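File shown here: data-v4.txt, holding compact mmCIF, C-alpha atoms.
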# COMPACT_ATOMS: atom_id res chain seq x y z
CA MET I 1 -5.59 -9.26 -41.57
CA ARG I 2 -6.85 -8.15 -38.15
CA GLU I 3 -7.02 -11.75 -36.92
CA LEU I 4 -3.56 -12.42 -38.24
CA ILE I 5 -2.13 -9.46 -36.37
CA GLU I 6 -3.97 -10.42 -33.19
CA SER I 7 -2.74 -13.98 -33.30
CA SER I 8 0.87 -12.96 -33.95
CA ARG I 9 1.44 -9.77 -32.00
CA HIS I 10 2.19 -11.38 -28.63
CA ALA I 11 5.14 -13.24 -30.09
CA VAL I 12 6.85 -10.09 -31.37
CA CYS I 13 9.25 -8.19 -29.16
CA ARG I 14 11.27 -5.01 -29.06
CA ILE I 15 15.03 -5.40 -28.78
CA VAL I 16 17.13 -2.73 -27.11
CA CYS I 17 20.93 -2.91 -26.87
CA ARG I 18 21.83 -0.18 -24.43
CA ASP I 19 25.59 -0.52 -24.81
CA PHE I 20 25.34 -0.13 -28.61
CA ASP I 21 22.50 2.40 -28.61
CA ARG I 22 20.49 0.17 -30.96
CA VAL I 23 16.80 -0.63 -31.17
CA GLY I 24 15.20 -3.28 -33.31
CA THR I 25 12.56 -5.95 -33.44
CA GLY I 26 12.61 -9.67 -32.72
CA PHE I 27 10.21 -12.57 -32.46
CA PHE I 28 9.86 -15.68 -30.33
CA VAL I 29 10.14 -18.92 -32.28
CA ARG I 30 10.10 -21.68 -29.71
CA ASP I 31 8.40 -22.39 -26.40
CA GLY I 32 11.57 -22.21 -24.39
CA GLY I 33 12.41 -18.53 -24.83
CA VAL I 34 14.17 -18.49 -28.19
CA VAL I 35 14.13 -15.16 -29.99
CA VAL I 36 15.27 -14.33 -33.51
CA THR I 37 16.42 -10.89 -34.60
CA CYS I 38 18.88 -9.35 -37.03
CA ASN I 39 22.57 -9.70 -36.38
CA HIS I 40 23.12 -6.02 -37.07
CA VAL I 41 20.73 -5.15 -34.22
CA VAL I 42 22.79 -6.94 -31.56
CA ALA I 43 26.30 -6.89 -33.04
CA ARG I 44 28.76 -4.16 -33.84
CA GLU I 45 31.39 -4.20 -36.56
CA GLU I 46 34.70 -2.51 -36.09
CA LEU I 47 36.46 -1.98 -39.34
CA ALA I 48 40.25 -1.96 -39.64
CA PRO I 49 41.77 0.21 -42.40
CA ASP I 50 42.43 -2.92 -44.50
CA GLY I 51 38.73 -3.85 -44.38
CA LEU I 52 39.05 -6.62 -41.79
CA VAL I 53 36.03 -6.78 -39.53
CA ALA I 54 36.14 -7.34 -35.77
CA LEU I 55 32.70 -8.32 -34.55
CA SER I 56 31.42 -7.83 -31.02
CA TYR I 57 28.03 -8.63 -29.55
CA SER I 58 26.00 -6.53 -27.15
CA GLN I 59 26.37 -7.46 -23.50
CA ASN I 60 23.18 -5.68 -22.58
CA ILE I 61 20.29 -7.00 -24.65
CA GLN I 62 16.78 -6.23 -23.46
CA VAL I 63 13.83 -8.08 -24.93
CA SER I 64 10.43 -6.53 -24.29
CA SER I 65 7.11 -8.08 -25.23
CA ALA I 66 3.55 -7.88 -23.93
CA ALA I 67 4.61 -10.46 -21.32
CA GLY I 68 7.34 -8.26 -19.85
CA THR I 69 11.00 -7.33 -20.24
CA PHE I 70 13.69 -9.99 -20.24
CA GLY I 71 17.44 -10.11 -20.52
CA GLY I 72 18.71 -11.79 -23.67
CA ARG I 73 21.98 -13.48 -24.57
CA ILE I 74 23.35 -14.79 -27.83
CA ALA I 75 22.52 -18.50 -28.14
CA HIS I 76 24.94 -19.43 -30.93
CA SER I 77 28.71 -19.40 -30.79
CA LEU I 78 30.11 -15.87 -30.96
CA ASP I 79 32.79 -17.15 -33.33
CA ASP I 80 30.22 -18.59 -35.72
CA LEU I 81 30.10 -16.18 -38.64
CA ARG I 82 27.15 -17.67 -40.46
CA PRO I 83 24.63 -15.60 -38.44
CA TYR I 84 26.71 -12.52 -39.25
CA PHE I 85 26.88 -13.24 -42.99
CA ASP I 86 23.15 -14.10 -43.13
CA ASP I 87 22.21 -11.23 -40.79
CA TYR I 88 20.32 -13.04 -38.07
CA ALA I 89 20.97 -13.70 -34.41
CA ILE I 90 19.40 -16.21 -32.08
CA LEU I 91 18.85 -15.10 -28.52
CA ALA I 92 18.12 -17.14 -25.42
CA VAL I 93 15.64 -15.45 -23.11
CA ASP I 94 14.39 -16.60 -19.72
CA ALA I 95 10.76 -16.64 -20.80
CA ASP I 96 9.40 -20.15 -20.90
CA LYS I 97 5.98 -20.75 -22.47
CA HIS I 98 6.08 -17.40 -24.20
CA PRO I 99 3.77 -17.15 -27.24
CA HIS I 100 5.78 -17.85 -30.36
CA LEU I 101 5.50 -17.85 -34.13
CA ASP I 102 5.78 -20.89 -36.36
CA LEU I 103 8.30 -20.92 -39.15
CA GLY I 104 6.99 -21.13 -42.69
CA ASP I 105 8.37 -22.43 -45.94
CA TYR I 106 10.44 -19.93 -47.90
CA ALA I 107 10.30 -22.15 -50.99
CA ALA I 108 6.51 -21.90 -51.06
CA VAL I 109 6.53 -18.09 -51.21
CA HIS I 110 5.78 -16.55 -54.61
CA VAL I 111 5.90 -13.09 -56.08
CA GLY I 112 2.49 -11.51 -55.54
CA ASP I 113 1.80 -13.21 -52.18
CA ASP I 114 0.41 -11.01 -49.43
CA VAL I 115 2.77 -10.49 -46.50
CA LEU I 116 2.61 -8.76 -43.15
CA VAL I 117 5.45 -6.99 -41.30
CA LEU I 118 5.33 -6.52 -37.54
CA GLY I 119 7.81 -4.37 -35.69
CA TYR I 120 8.78 -1.30 -33.78
CA PRO I 121 9.88 1.26 -36.38
CA LEU I 122 11.06 4.81 -35.76
CA GLY I 123 11.40 4.46 -32.01
CA VAL I 124 7.69 3.76 -31.57
CA GLU I 125 7.03 1.60 -28.52
CA GLU I 126 3.72 0.28 -29.82
CA LEU I 127 3.79 -2.69 -32.13
CA THR I 128 3.26 -1.52 -35.70
CA ALA I 129 1.89 -3.60 -38.54
CA THR I 130 2.37 -2.86 -42.22
CA ARG I 131 1.27 -5.03 -45.06
CA GLY I 132 2.40 -5.55 -48.59
CA MET I 133 3.16 -7.98 -51.33
CA VAL I 134 6.19 -10.01 -52.28
CA ALA I 135 7.63 -7.85 -55.06
CA ALA I 136 10.60 -10.09 -55.88
CA LYS I 137 12.23 -13.31 -54.79
CA HIS I 138 15.92 -13.37 -55.53
CA GLN I 139 19.41 -14.39 -54.60
CA SER I 140 21.60 -11.37 -53.89
CA PRO I 141 24.90 -10.54 -52.24
CA SER I 142 24.53 -10.21 -48.49
CA HIS I 143 24.53 -6.61 -47.28
CA MET I 144 26.90 -7.81 -44.55
CA ASN I 145 29.41 -9.42 -46.92
CA GLN I 146 29.02 -9.33 -50.67
CA LEU I 147 30.83 -12.61 -51.25
CA ILE I 148 27.96 -14.48 -49.61
CA TYR I 149 24.70 -14.77 -51.52
CA LEU I 150 21.38 -14.88 -49.74
CA ASP I 151 17.86 -15.95 -50.62
CA MET I 152 15.85 -12.81 -50.14
CA LEU I 153 12.38 -11.38 -50.56
CA THR I 154 11.73 -7.82 -51.62
CA VAL I 155 8.43 -6.53 -50.26
CA ASP I 156 6.53 -3.30 -50.74
CA ALA I 157 5.38 -3.12 -47.11
CA ALA I 158 6.64 -0.01 -45.32
CA ILE I 159 9.87 -0.83 -43.52
CA ASN I 160 11.83 1.66 -41.48
CA VAL I 161 14.61 1.93 -38.95
CA GLY I 162 13.59 -0.28 -36.02
CA ASN I 163 11.84 -2.91 -38.16
CA SER I 164 15.13 -4.81 -38.49
CA GLY I 165 14.82 -8.28 -37.04
CA GLY I 166 11.04 -8.36 -37.27
CA PRO I 167 9.07 -11.21 -38.80
CA LEU I 168 7.80 -11.25 -42.35
CA LEU I 169 4.61 -13.28 -42.13
CA ASP I 170 2.76 -15.12 -44.88
CA HIS I 171 -1.05 -15.31 -45.08
CA ASP I 172 -1.06 -18.17 -42.55
CA GLY I 173 0.86 -16.14 -39.99
CA LYS I 174 4.03 -18.18 -40.47
CA VAL I 175 7.43 -16.51 -40.63
CA VAL I 176 8.97 -16.68 -44.08
CA GLY I 177 11.64 -14.02 -43.65
CA VAL I 178 13.55 -11.84 -41.23
CA VAL I 179 13.10 -8.18 -42.10
CA THR I 180 16.54 -6.80 -42.59
CA LEU I 181 16.77 -3.56 -44.51
CA ARG I 182 15.11 -0.96 -46.57
CA GLN I 183 15.91 -0.33 -50.18
CA GLY I 184 16.52 3.19 -51.38
CA SER I 185 16.84 4.68 -47.94
CA ILE I 186 19.26 7.39 -46.90
CA LYS I 187 20.70 5.10 -44.23
CA PRO I 188 24.21 5.10 -45.76
CA TRP I 189 24.28 8.88 -45.35
CA ILE I 190 23.07 8.60 -41.78
CA ASP I 191 25.79 6.04 -41.06
CA ARG I 192 28.45 8.32 -42.54
CA LEU I 193 27.24 11.25 -40.47
CA ARG I 194 27.24 9.10 -37.33
CA GLY I 195 30.81 8.08 -38.14
CA ALA I 196 31.82 11.70 -38.66
CA LEU I 197 30.20 12.66 -35.37
CA ARG I 198 32.08 9.95 -33.52
CA GLN I 199 35.33 11.42 -34.75
CA MET I 200 34.23 15.05 -34.27
CA PRO I 201 31.63 15.00 -31.50
CA ASP I 202 31.73 18.76 -31.00
CA GLN I 203 30.24 19.61 -34.40
CA PRO I 204 26.68 20.90 -33.85
CA PHE I 205 26.21 21.32 -37.58
CA TYR I 206 26.68 17.58 -38.21
CA ARG I 207 24.37 16.82 -35.29
CA GLU I 208 21.63 19.02 -36.78
CA ILE I 209 21.98 17.44 -40.20
CA LEU I 210 21.89 13.96 -38.64
CA ASP I 211 18.73 14.80 -36.70
CA LEU I 212 17.14 16.14 -39.86
CA PHE I 213 18.07 13.03 -41.83
CA GLU I 214 16.88 10.68 -39.12
CA THR I 215 13.52 12.45 -38.87
CA SER I 216 12.95 12.77 -42.58
CA ASN I 217 14.20 9.28 -43.45
CA ALA I 218 10.78 7.92 -42.64
CA PHE I 219 8.91 10.27 -44.89
CA LEU I 220 11.21 10.99 -47.79
CA ASN I 221 11.31 7.59 -49.36
CA PRO I 222 9.04 4.74 -48.31
CA GLY I 223 11.06 2.47 -50.61
CA LEU I 224 11.00 -1.30 -50.67
CA GLY I 225 12.03 -3.59 -47.87
CA GLU I 226 14.15 -6.73 -47.85
CA ALA I 227 13.79 -9.88 -45.80
CA VAL I 228 16.25 -12.74 -45.59
CA SER I 229 14.88 -16.28 -45.97
CA ILE I 230 13.83 -17.90 -42.71
CA GLY I 231 15.54 -21.06 -43.96
CA TYR I 232 18.92 -19.91 -42.62
CA VAL I 233 17.47 -19.46 -39.14
CA GLU I 234 15.72 -22.80 -39.30
CA ASP I 235 18.99 -24.57 -40.19
CA LYS I 236 20.81 -22.91 -37.30
CA LEU I 237 18.02 -23.74 -34.83
CA SER I 238 18.24 -27.39 -35.86
CA GLU I 239 22.03 -27.31 -35.53
CA LEU I 240 21.68 -25.90 -32.01
CA GLY I 241 19.00 -28.46 -31.14
CA LEU I 242 16.42 -25.74 -30.50
CA MET O 1 57.36 -25.58 -60.76
CA VAL O 2 55.29 -23.23 -62.92
CA VAL O 3 55.25 -19.51 -62.24
CA LEU O 4 52.39 -17.47 -63.69
CA ARG O 5 52.45 -13.70 -63.74
CA GLU O 6 50.21 -10.99 -65.25
CA ASN O 7 48.11 -13.20 -67.53
CA TYR O 8 44.55 -12.71 -68.74
CA ILE O 9 43.03 -16.12 -69.32
CA PHE O 10 39.57 -16.24 -70.92
CA THR O 11 38.88 -12.76 -69.60
CA GLN O 12 39.63 -9.17 -70.54
CA PRO O 13 40.45 -6.04 -68.57
CA GLY O 14 37.27 -4.85 -66.87
CA GLN O 15 35.49 -8.20 -67.14
CA GLN O 16 34.54 -10.13 -64.04
CA ALA O 17 37.47 -12.32 -63.03
CA PHE O 18 39.39 -13.98 -60.28
CA LEU O 19 42.71 -12.41 -59.53
CA ALA O 20 45.13 -15.18 -58.62
CA ALA O 21 48.33 -13.35 -57.66
CA SER O 22 48.61 -11.04 -60.72
CA ASN O 23 46.72 -13.37 -63.09
CA TYR O 24 43.18 -12.59 -64.19
CA VAL O 25 41.21 -15.77 -64.90
CA ASN O 26 37.55 -16.62 -65.33
CA TYR O 27 38.08 -20.01 -63.69
CA ILE O 28 40.66 -21.60 -61.42
CA LEU O 29 41.04 -25.14 -60.21
CA LEU O 30 43.92 -26.28 -58.06
CA GLY O 31 44.00 -29.96 -57.21
CA ASP O 32 41.28 -32.37 -58.21
CA PRO O 33 38.01 -32.61 -56.25
CA GLY O 34 37.35 -36.14 -57.53
CA LYS O 35 40.71 -37.80 -57.00
CA ARG O 36 42.66 -35.68 -54.53
CA SER O 37 42.04 -34.63 -50.97
CA PHE O 38 42.95 -30.99 -51.59
CA TYR O 39 41.19 -28.81 -54.11
CA LEU O 40 40.25 -25.19 -54.59
CA GLU O 41 37.85 -24.19 -57.33
CA GLY O 42 36.76 -20.69 -58.24
CA ARG O 43 34.08 -20.23 -60.88
CA ILE O 44 31.79 -17.46 -62.01
CA ASP O 45 28.15 -18.39 -62.35
CA LYS O 46 25.42 -15.87 -63.26
CA GLY O 47 27.65 -13.04 -62.09
CA GLN O 48 28.45 -14.71 -58.77
CA PHE O 49 31.97 -15.59 -57.67
CA LEU O 50 31.70 -19.10 -56.27
CA ILE O 51 34.57 -20.70 -54.41
CA SER O 52 34.61 -24.24 -53.12
CA GLY O 53 37.41 -26.33 -51.75
CA ARG O 54 38.97 -28.58 -49.18
CA LEU O 55 41.98 -27.03 -47.49
CA TYR O 56 44.79 -28.56 -45.48
CA ARG O 57 47.34 -27.13 -43.11
CA LYS O 58 51.11 -27.40 -43.33
CA ASP O 59 51.00 -30.48 -41.11
CA GLY O 60 48.49 -32.20 -43.41
CA SER O 61 45.54 -31.87 -41.07
CA MET O 62 42.32 -30.55 -42.50
CA LEU O 63 41.71 -26.85 -42.08
CA CYS O 64 38.25 -26.52 -43.54
CA GLU O 65 35.87 -27.19 -46.36
CA ILE O 66 34.27 -24.41 -48.38
CA ASP O 67 31.06 -24.90 -50.32
CA ASN O 68 30.08 -22.05 -52.63
CA ASN O 69 31.82 -19.44 -50.46
CA ARG O 70 30.43 -20.78 -47.21
CA VAL O 71 32.84 -22.30 -44.76
CA LYS O 72 31.20 -25.65 -44.25
CA GLU O 73 33.41 -27.60 -41.97
CA ALA O 74 36.07 -25.89 -39.95
CA SER O 75 38.59 -27.74 -37.82
CA GLY O 76 39.57 -24.93 -35.54
CA CYS O 77 40.02 -22.47 -38.38
CA LYS O 78 39.08 -18.89 -37.78
CA VAL O 79 37.09 -16.85 -40.28
CA VAL O 80 37.70 -13.11 -40.34
CA PRO O 81 35.28 -11.15 -42.57
CA ILE O 82 36.51 -8.47 -44.93
CA LYS O 83 34.38 -5.54 -46.08
CA PRO O 84 32.75 -5.15 -48.53
CA GLY O 85 33.08 -8.83 -49.33
CA GLY O 86 35.35 -11.73 -48.58
CA TYR O 87 37.13 -13.27 -45.66
CA GLU O 88 40.39 -14.63 -44.37
CA LEU O 89 40.74 -18.18 -43.17
CA ARG O 90 43.28 -18.33 -40.39
CA THR O 91 44.85 -21.19 -38.52
CA PRO O 92 44.48 -21.39 -34.74
CA GLU O 93 47.97 -19.80 -34.68
CA ASP O 94 46.43 -16.80 -36.50
CA GLU O 95 48.35 -17.39 -39.74
CA VAL O 96 46.41 -16.37 -42.84
CA HIS O 97 45.84 -19.51 -44.89
CA LEU O 98 43.48 -18.18 -47.55
CA ARG O 99 42.32 -14.69 -48.35
CA LEU O 100 39.29 -14.11 -50.57
CA ARG O 101 38.60 -10.48 -51.19
CA LEU O 102 36.14 -8.76 -53.50
CA ARG O 103 37.24 -5.62 -55.25
CA PRO O 104 33.87 -4.42 -56.61
CA ASP O 105 35.37 -1.38 -58.36
CA GLU O 106 37.61 -3.67 -60.42
CA ASN O 107 35.03 -6.47 -60.70
CA VAL O 108 37.50 -9.01 -59.36
CA CYS O 109 37.78 -11.47 -56.52
CA LEU O 110 41.29 -11.77 -55.19
CA ILE O 111 42.56 -15.21 -54.15
CA GLN O 112 45.72 -15.41 -52.07
CA GLY O 113 47.14 -18.18 -49.99
CA SER O 114 49.32 -21.23 -49.65
CA PHE O 115 47.86 -24.60 -50.46
CA TYR O 116 48.92 -27.96 -49.07
CA ASP O 117 47.65 -31.47 -49.58
CA ASP O 118 46.81 -33.95 -46.84
CA SER O 119 50.46 -35.02 -46.56
CA GLY O 120 51.55 -31.44 -45.90
CA THR O 121 53.19 -30.97 -49.33
CA LEU O 122 53.08 -27.41 -50.61
CA LEU O 123 51.20 -27.53 -53.92
CA ALA O 124 50.74 -23.88 -54.79
CA GLU O 125 51.12 -20.42 -53.36
CA GLY O 126 50.42 -16.93 -54.49
CA ASN O 127 51.52 -13.48 -53.45
CA GLU O 128 50.83 -10.05 -54.98
CA ARG O 129 52.74 -10.95 -58.13
CA ASP O 130 53.47 -14.62 -58.72
CA LEU O 131 51.27 -17.64 -58.67
CA ARG O 132 53.61 -20.58 -58.12
CA ILE O 133 52.30 -24.03 -58.80
CA TYR O 134 54.70 -26.66 -57.49
CA LYS O 135 52.52 -29.64 -58.23
CA GLY O 136 49.49 -30.11 -60.48
CA PRO O 137 46.86 -30.77 -61.49
CA ALA O 138 45.66 -27.22 -62.07
CA ILE O 139 43.46 -25.45 -64.60
CA LEU O 140 43.42 -21.72 -65.18
CA GLY O 141 40.64 -20.45 -67.41
CA LYS O 142 37.68 -22.36 -68.78
CA LEU O 143 35.13 -21.51 -71.44
CA GLY O 144 32.61 -24.21 -72.21
CA PHE O 145 34.69 -27.27 -73.06
CA SER O 146 37.81 -25.20 -73.74
CA LEU O 147 40.44 -25.07 -71.07
CA GLY O 148 43.03 -22.34 -70.68
CA ILE O 149 46.31 -23.31 -69.05
CA VAL O 150 46.34 -26.91 -67.91
CA ILE O 151 49.07 -28.18 -65.63
CA GLY O 152 49.39 -31.92 -65.26
CA GLN O 153 50.37 -33.83 -62.19

Would you mind writing the file's structure down as structure tokens?
Amino acid sequence: MRELIESSRHAVCRIVCRDFDRVGTGFFVRDGGVVVTCNHVVAREELAPDGLVALSYSQNIQVSSAAGTFGGRIAHSLDDLRPYFDDYAILAVDADKHPHLDLGDYAAVHVGDDVLVLGYPLGVEELTATRGMVAAKHQSPSHMNQLIYLDMLTVDAAINVGNSGGPLLDHDGKVVGVVTLRQGSIKPWIDRLRGALRQMPDQPFYREILDLFETSNAFLNPGLGEAVSIGYVEDKLSELGL
Amino acid sequence: MVVLRENYIFTQPGQQAFLAASNYVNYILLGDPGKRSFYLEGRIDKGQFLISGRLYRKDGSMLCEIDNNRVKEASGCKVVPIKPGGYELRTPEDEVHLRLRLRPDENVCLIQGSFYDDSGTLLAEGNERDLRIYKGPAILGKLGFSLGIVIGQ
């Protein structure tokens, strides 16, 4: 496991979107500065009362790895909704010859396989590794849009806020999934509190509750994590000629 | 022209169904995927709503192709997502051509829109109440080999 972490860690990066106040994880996948992360790390949804979604992407994406900090920009069309539905984003970064991860074969993954998660959870600036097992392989409604079904892996590795967009690695160190969310977390409550605070920013009580939730979220319920098949990213990379 | 309103075809209140205008159906096929350019098919498979089709604009030009809910080929059509599930397909002029919308509380997937063939002929349209089928073929409801309402050409 130690060798696997050592050989992969330099390809994993921290993603910060200053304009959206978001932090997540990403990973380099090609020589020429191509980074993959979650769509929900770099995009923001604005919801109209009738449920229609207006999507906007961060204009200030920072990608930090052991090699330095780089500016990132969305590499696919901003009107292309497949990355949104499948919850991934492809970034172009001016970092040629950066260490990168190879993509694995989602179809070859089985329940019971060992997996490794690398990322930057809970605001930690040091790369964090957690390991686990594939607990389930399934097709489920996308958390971004329930009409779209995704090939997903449920893993019992610890996944927390900040892991989103990180690689799920198989025993060969190849990426088989993009870590996307945590099952059984109190994130929906946190989101609701954030929403309430946006509308009523001068409510210290809500702020205190939010702080408490955000701190305790990590400890209350380790839960299970979800990763979306790397196959969707692979298809888009081919389509873009990357 | 056939007008369908407030029917339950091969489904019951509370069961998973498509809501085509005010008609609850477990299956819908407008057009013919084998013989015709235009078609729209909605089926339920293992609890999943699956919609496929080939859609045309009023002027007969192709709008887009949908394959199991995914917009496969879009000729300038705009996709606007709807929470918690579904999307609108809009023309470049921002007219809503097709609306697919999940209503998880009711276990239904709403289908609304106006459907044209590749010559620009209006074949079917649906609003909140009426599903109007101007020209077949169309099938509403399917259970094994049994078909519900079948409208010929």

Protein/DNA/RNA residues near (42.1, -9.7, -66.2), cut 8 Å, all atoms listed in the file, as a list in words: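 Within the cut-off we find Asn7, Tyr8, Ile9, Thr11, Gln12, Pro13, Gly14, Gln15, Gln16, Ala17, Phe18, Leu19, Asn23, Tyr24 and Val25 of chain O.
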
File dump, residues just selected, C-alpha atoms, as a PDB file, in the coordinates of the input:
ATOM      1  CA  ASN O   7      48.110 -13.200 -67.530  1.00  0.00           C
ATOM      2  CA  TYR O   8      44.550 -12.710 -68.740  1.00  0.00           C
ATOM      3  CA  ILE O   9      43.030 -16.120 -69.320  1.00  0.00           C
ATOM      4  CA  THR O  11      38.880 -12.760 -69.600  1.00  0.00           C
ATOM      5  CA  GLN O  12      39.630  -9.170 -70.540  1.00  0.00           C
ATOM      6  CA  PRO O  13      40.450  -6.040 -68.570  1.00  0.00           C
ATOM      7  CA  GLY O  14      37.270  -4.850 -66.870  1.00  0.00           C
ATOM      8  CA  GLN O  15      35.490  -8.200 -67.140  1.00  0.00           C
ATOM      9  CA  GLN O  16      34.540 -10.130 -64.040  1.00  0.00           C
ATOM     10  CA  ALA O  17      37.470 -12.320 -63.030  1.00  0.00           C
ATOM     11  CA  PHE O  18      39.390 -13.980 -60.280  1.00  0.00           C
ATOM     12  CA  LEU O  19      42.710 -12.410 -59.530  1.00  0.00           C
ATOM     13  CA  ASN O  23      46.720 -13.370 -63.090  1.00  0.00           C
ATOM     14  CA  TYR O  24      43.180 -12.590 -64.190  1.00  0.00           C
ATOM     15  CA  VAL O  25      41.210 -15.770 -64.900  1.00  0.00           C
TER      16      VAL O  25
END

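The space separating CA of Ile28 (chain O) from CA of Ile148 (chain I) comes to 18.7 Å.
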
Of the listed residues O:Lys142, O:Asp105, O:Ser61, O:Ile66, that which approaches Gly85 (chain O) most closely, counting only C-alpha atoms: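 Distance minimum relative to Gly85 (chain O) lands on O:Asp105.
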
Using all atoms listed in the file, find which residues of chain I lie within 12 Å of chain O and jot them down as a PDB file with C-alpha atoms, keeping the file's coordinate frame.
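Here's the written file part_11.pdb:
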ATOM      1  CA  GLU I  45      31.390  -4.200 -36.560  1.00  0.00           C
ATOM      2  CA  GLU I  46      34.700  -2.510 -36.090  1.00  0.00           C
ATOM      3  CA  LEU I  47      36.460  -1.980 -39.340  1.00  0.00           C
ATOM      4  CA  ALA I  48      40.250  -1.960 -39.640  1.00  0.00           C
ATOM      5  CA  PRO I  49      41.770   0.210 -42.400  1.00  0.00           C
ATOM      6  CA  ASP I  50      42.430  -2.920 -44.500  1.00  0.00           C
ATOM      7  CA  GLY I  51      38.730  -3.850 -44.380  1.00  0.00           C
ATOM      8  CA  LEU I  52      39.050  -6.620 -41.790  1.00  0.00           C
ATOM      9  CA  VAL I  53      36.030  -6.780 -39.530  1.00  0.00           C
ATOM     10  CA  ALA I  54      36.140  -7.340 -35.770  1.00  0.00           C
ATOM     11  CA  LEU I  55      32.700  -8.320 -34.550  1.00  0.00           C
ATOM     12  CA  LEU I  78      30.110 -15.870 -30.960  1.00  0.00           C
ATOM     13  CA  ASP I  79      32.790 -17.150 -33.330  1.00  0.00           C
ATOM     14  CA  ASP I  80      30.220 -18.590 -35.720  1.00  0.00           C
ATOM     15  CA  LEU I  81      30.100 -16.180 -38.640  1.00  0.00           C
ATOM     16  CA  ARG I  82      27.150 -17.670 -40.460  1.00  0.00           C
ATOM     17  CA  PRO I  83      24.630 -15.600 -38.440  1.00  0.00           C
ATOM     18  CA  TYR I  84      26.710 -12.520 -39.250  1.00  0.00           C
ATOM     19  CA  PHE I  85      26.880 -13.240 -42.990  1.00  0.00           C
ATOM     20  CA  ASP I  86      23.150 -14.100 -43.130  1.00  0.00           C
ATOM     21  CA  GLN I 139      19.410 -14.390 -54.600  1.00  0.00           C
ATOM     22  CA  SER I 140      21.600 -11.370 -53.890  1.00  0.00           C
ATOM     23  CA  PRO I 141      24.900 -10.540 -52.240  1.00  0.00           C
ATOM     24  CA  SER I 142      24.530 -10.210 -48.490  1.00  0.00           C
ATOM     25  CA  HIS I 143      24.530  -6.610 -47.280  1.00  0.00           C
ATOM     26  CA  MET I 144      26.900  -7.810 -44.550  1.00  0.00           C
ATOM     27  CA  ASN I 145      29.410  -9.420 -46.920  1.00  0.00           C
ATOM     28  CA  GLN I 146      29.020  -9.330 -50.670  1.00  0.00           C
ATOM     29  CA  LEU I 147      30.830 -12.610 -51.250  1.00  0.00           C
ATOM     30  CA  ILE I 148      27.960 -14.480 -49.610  1.00  0.00           C
ATOM     31  CA  TYR I 149      24.700 -14.770 -51.520  1.00  0.00           C
ATOM     32  CA  LEU I 150      21.380 -14.880 -49.740  1.00  0.00           C
TER      33      LEU I 150
END

Residues within 12 Å of His76 (chain I), only C-alpha atoms, excluding chain neighbours under 5 positions, as an NGL selection string: :I and (34-36 or 39 or 57 or 81-84 or 88-92 or 233 or 236-242)

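Interatomic distance, CA of Asp96 (chain I) against CA of Ile230 (chain I): 22.4 Å.
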
Distance query 10 Å from (27.9, 12.9, -40.4) using all atoms listed in the file, result as a ChimeraX atom specification: /I:189-201,203,205-210,213

Nearby residues (only C-alpha atoms) at most 7 Å from region 36-44 of chain O, same-chain spacing under 6 positions excluded, as a list in words: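 My reading of the contact set: Asn26, Tyr27, Ile28, Leu29, Leu30, Leu50, Ile51, Ser52, Gly53, Arg54, Leu55, Tyr56, Asp117 and Asp118 of chain O.
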
Distance in Å - CA of Glu106 (chain O) versus CA of Lys46 (chain O):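 These two atoms are separated by 17.5 Å.
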
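Using only C-alpha atoms, the shortest contact distance between Lys135 (chain O) and any of O:Gly60, O:Arg99, O:Asp32, O:Glu6 is found at O:Asp32.
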
Within 10 Å of Gly165 (chain I) using only C-alpha atoms, minus same-chain residues under 5 positions, as an MDAnalysis selection string: chainID I and resid 12:15 23:27 35:42 87:89 118:120 177:181 227:228

Excluding region 150-152 of chain O and residues on its chain fewer than 5 positions from it, collect all residues at most 8 Å away from it, counting all atoms listed in the file, and give them as a PDB file with C-alpha atoms, in the frame of the given file.
ATOM      1  CA  GLY O 136      49.490 -30.110 -60.480  1.00  0.00           C
ATOM      2  CA  PRO O 137      46.860 -30.770 -61.490  1.00  0.00           C
ATOM      3  CA  ALA O 138      45.660 -27.220 -62.070  1.00  0.00           C
ATOM      4  CA  ILE O 139      43.460 -25.450 -64.600  1.00  0.00           C
ATOM      5  CA  LEU O 140      43.420 -21.720 -65.180  1.00  0.00           C
TER       6      LEU O 140
END

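For region 127-135 of chain I, the list of residues within 9 Å, based on only C-alpha atoms and with local chain neighbours fewer than 5 positions off taken out, reads Met1, Ile5, Arg9, Val12, Cys13, Arg14, Val109, His110, Val111, Gly112, Asp113, Asp114, Val115, Leu116, Val117, Leu118, Gly119, Tyr120, Pro121, Leu153, Thr154, Val155, Asp156, Ala157, Ala158, Ile159 and Leu224 of chain I.
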
Mind dumping the selected residues with C-alpha atoms as a short mmCIF file (atom, residue, chain, number, x, y, z; two decimals), keeping the file's coordinate frame?
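Written output follows (out-v7.cif):
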data_model
loop_
_atom_site.label_atom_id
_atom_site.label_comp_id
_atom_site.auth_asym_id
_atom_site.auth_seq_id
_atom_site.Cartn_x
_atom_site.Cartn_y
_atom_site.Cartn_z
CA MET I 1 -5.59 -9.26 -41.57
CA ILE I 5 -2.13 -9.46 -36.37
CA ARG I 9 1.44 -9.77 -32.00
CA VAL I 12 6.85 -10.09 -31.37
CA CYS I 13 9.25 -8.19 -29.16
CA ARG I 14 11.27 -5.01 -29.06
CA VAL I 109 6.53 -18.09 -51.21
CA HIS I 110 5.78 -16.55 -54.61
CA VAL I 111 5.90 -13.09 -56.08
CA GLY I 112 2.49 -11.51 -55.54
CA ASP I 113 1.80 -13.21 -52.18
CA ASP I 114 0.41 -11.01 -49.43
CA VAL I 115 2.77 -10.49 -46.50
CA LEU I 116 2.61 -8.76 -43.15
CA VAL I 117 5.45 -6.99 -41.30
CA LEU I 118 5.33 -6.52 -37.54
CA GLY I 119 7.81 -4.37 -35.69
CA TYR I 120 8.78 -1.30 -33.78
CA PRO I 121 9.88 1.26 -36.38
CA LEU I 153 12.38 -11.38 -50.56
CA THR I 154 11.73 -7.82 -51.62
CA VAL I 155 8.43 -6.53 -50.26
CA ASP I 156 6.53 -3.30 -50.74
CA ALA I 157 5.38 -3.12 -47.11
CA ALA I 158 6.64 -0.01 -45.32
CA ILE I 159 9.87 -0.83 -43.52
CA LEU I 224 11.00 -1.30 -50.67
#
